[in-house]
Amino acid sequence: MDSKKTISDALRHFWHEVSNIRPIFWISLYLCLVPLFALFYWLLPDGQFRIPDNGGAGFGDWVYYSIVTITTLGFGDYTPCRAGAQWITAVEVLCGLVTIGFFLNAVGSMRPEIDVRSDRDRQRELHAISERDRLVKNTPVFIHKMNWFLAFCYAVTTPRSDRGSEMKFNEDFTAEDMADMHLPSGLPGDHSSRGAVESMMMCASSVCLYLDSLQSRIDMSLWPDLLEDCFAFVANYQMLTPVNTDTLPDEELIHFIRTNASLARSIESRLTRISSEAESGE
């Protein structure tokens, strides 16, 4: 009983290993058998085959016979008439049948794997579409918060005397341009009496909270560049908190504004592109 079980387990293990071999191996082996057996036929002594009239006995002729044999076509023009040729022919037929059988088994074994992979790809595609739709729905609020942050950056880095109708952030600002940062921002829609720099930091805090909330609701890993920018924005803000804006070193504040304003523009650009791609895809 133990012997039978051992043999059964060994055969089962062998069949499992064979089934895991890719079909390309078996079809390659099948093709390699043709010239190999053609070489055997070519090396046999004369008289092993009945060769048809005007038939040749060169290596190319034996390749033809090998193809006819391994595919079991058996045209009968070349006929083995001696034991050596007969045995080699029989072995080639068996090798061809076994190899094709293993090839078909390997193809059949791949079917479940292909189905699972296709199902996984469909699930991944549906997940990506669902997450993209969620992100697009949040994009207006997302961009609005980024625009507010950029507007406060403009108020902090632009003296009131130099402000115009177009609130365009100047990334080449200096510490002298921040002379009015403790005055109210004067931005349309901002009616608080807080200093512009304080409002900017509160806006940055609001943006960070929103980004944390967004990452908990949406799989942002689908957009690695966007996720990286969001992570950098939050990390830069956390490095500044808690702070007293009245005593914040100019160099640190300048670095924060330049870096996060650049990130805010990058995030806004990426969100706009994702929304445009979603609309064009529909």
# chains A, B, ... in the order shown; residues from 1 in each chain; ligands from 1
$ residues_around --residues "segment 44-57 of chain A" --least-positions-apart "3" --cutoff "8 Å" --atoms "only C-alpha atoms" --output "number ranges by chain"
A: 40-41, 60-62, 77-85
$ write_last_selection --atoms "C-alpha atoms" --output "tab-separated table (two decimals), in the first residue's frame"
chain	number	residue	atom	x	y	z
A	40	PHE	CA	19.93	9.84	-36.93
A	41	TYR	CA	18.38	8.79	-40.25
A	60	GLY	CA	17.52	17.74	-46.31
A	61	ASP	CA	15.62	14.67	-47.48
A	62	TRP	CA	15.80	13.16	-44.00
A	77	ASP	CA	7.31	7.55	-50.02
A	78	TYR	CA	10.19	6.82	-47.62
A	79	THR	CA	9.66	3.47	-45.89
A	80	PRO	CA	11.84	1.96	-43.11
A	81	CYS	CA	12.65	-1.64	-44.01
A	82	ARG	CA	15.28	-2.55	-41.43
A	83	ALA	CA	15.08	-2.84	-37.65
A	84	GLY	CA	17.30	0.21	-36.97
A	85	ALA	CA	15.23	2.56	-39.13
$ closest_atom_pairs --of "segment 69-155 of chain A" --to "segment 206-225 of chain A" --cutoff "9 Å" --atoms "only C-alpha atoms" --output "Markdown table"
| residue | atom | partner | partner_atom | distance |
| --- | --- | --- | --- | --- |
| A:Ala128 | CA | A:Leu222 | CA | 7.0 |
| A:Glu131 | CA | A:Ile218 | CA | 6.0 |
| A:Arg132 | CA | A:Ile218 | CA | 8.5 |
| A:Arg134 | CA | A:Ile218 | CA | 6.9 |
| A:Leu135 | CA | A:Ile218 | CA | 7.0 |
| A:Asn138 | CA | A:Leu214 | CA | 8.4 |
| A:Phe142 | CA | A:Tyr210 | CA | 8.0 |
| A:Lys145 | CA | A:Val207 | CA | 6.3 |
| A:Met146 | CA | A:Val207 | CA | 7.3 |
| A:Phe149 | CA | A:Val207 | CA | 8.0 |
$ residues_around --residues "Phe37 of chain A" --least-positions-apart "5" --cutoff "8 Å" --atoms "only C-alpha atoms" --output "PyMOL selection string"
chain A and resi 63+66+88+92
$ write_last_selection --atoms "N, CA and C atoms" --output "PDB file, in the first residue's frame"
ATOM      1  N   VAL A  63      15.312  15.437 -43.239  1.00  0.00           N
ATOM      2  CA  VAL A  63      14.519  16.431 -42.508  1.00  0.00           C
ATOM      3  C   VAL A  63      13.062  16.339 -42.950  1.00  0.00           C
ATOM      4  N   SER A  66      11.629  13.265 -41.456  1.00  0.00           N
ATOM      5  CA  SER A  66      11.434  13.463 -40.019  1.00  0.00           C
ATOM      6  C   SER A  66      10.166  14.274 -39.749  1.00  0.00           C
ATOM      7  N   ILE A  88      13.941   3.664 -34.812  1.00  0.00           N
ATOM      8  CA  ILE A  88      14.131   5.126 -34.698  1.00  0.00           C
ATOM      9  C   ILE A  88      12.863   5.850 -35.138  1.00  0.00           C
ATOM     10  N   GLU A  92      10.589   8.275 -32.780  1.00  0.00           N
ATOM     11  CA  GLU A  92      10.274   9.669 -33.143  1.00  0.00           C
ATOM     12  C   GLU A  92       8.769   9.918 -33.075  1.00  0.00           C
TER      13      GLU A  92
END
$ select_by_dssp --residues "segment 14-139 of chain A" --states "helix (DSSP H, G or I)" --output "ChimeraX atom specification"
/A:14-19,23-43,59-70,83-139
$ closest_residue --among "A:Trp42, A:Ile129, A:Thr72, A:Trp87" --to "Glu279 of chain A" --atoms "only C-alpha atoms"
A:Ile129
$ closest_residue --among "A:Asn20, A:Thr139, A:Thr71, A:Ser109" --to "Arg270 of chain A" --atoms "only C-alpha atoms"
A:Thr139
$ residues_around --residues "Leu150 of chain A" --least-positions-apart "2" --cutoff "9 Å" --atoms "only C-alpha atoms" --output "list in words"
Lys145, Met146, Asn147, Trp148, Phe152, Cys153, Tyr154, Ala155, Lys168, Phe169, Met200, Asn260, Ala261, Ala264 and Arg265 of chain A
$ atom_distance --atom1 "atom CA of Glu268 of chain A" --atom2 "atom CA of Met202 of chain A"
19.3 Å
$ atom_distance --atom1 "atom CA of Val68 of chain A" --atom2 "atom CA of Leu104 of chain A"
20.1 Å
$ atom_distance --atom1 "atom CA of Thr99 of chain A" --atom2 "atom CA of Leu29 of chain A"
7.5 Å
$ residues_around --residues "Ala175 of chain A" --least-positions-apart "6" --cutoff "9 Å" --atoms "only C-alpha atoms" --output "PDB file with N, CA and C atoms, in the first residue's frame"
ATOM      1  N   THR A 157       4.023  87.797   0.018  1.00  0.00           N
ATOM      2  CA  THR A 157       5.286  88.104  -0.669  1.00  0.00           C
ATOM      3  C   THR A 157       5.214  89.317  -1.572  1.00  0.00           C
ATOM      4  N   ASP A 250      13.040  84.396   8.552  1.00  0.00           N
ATOM      5  CA  ASP A 250      12.701  84.727   7.168  1.00  0.00           C
ATOM      6  C   ASP A 250      13.144  83.633   6.201  1.00  0.00           C
ATOM      7  N   GLU A 251      14.340  83.090   6.403  1.00  0.00           N
ATOM      8  CA  GLU A 251      14.859  82.078   5.487  1.00  0.00           C
ATOM      9  C   GLU A 251      13.958  80.835   5.464  1.00  0.00           C
ATOM     10  N   ILE A 254      10.627  81.793   3.746  1.00  0.00           N
ATOM     11  CA  ILE A 254      10.830  81.941   2.298  1.00  0.00           C
ATOM     12  C   ILE A 254      10.916  80.577   1.629  1.00  0.00           C
TER      13      ILE A 254
END
$ residues_around --residues "Ser262 of chain A" --least-positions-apart "4" --cutoff "10 Å" --atoms "only C-alpha atoms" --output "list in words"
Leu150, Glu171, Asp229, Phe233, Phe256, Ile257, Arg258, Ser266, Ile267 and Glu268 of chain A
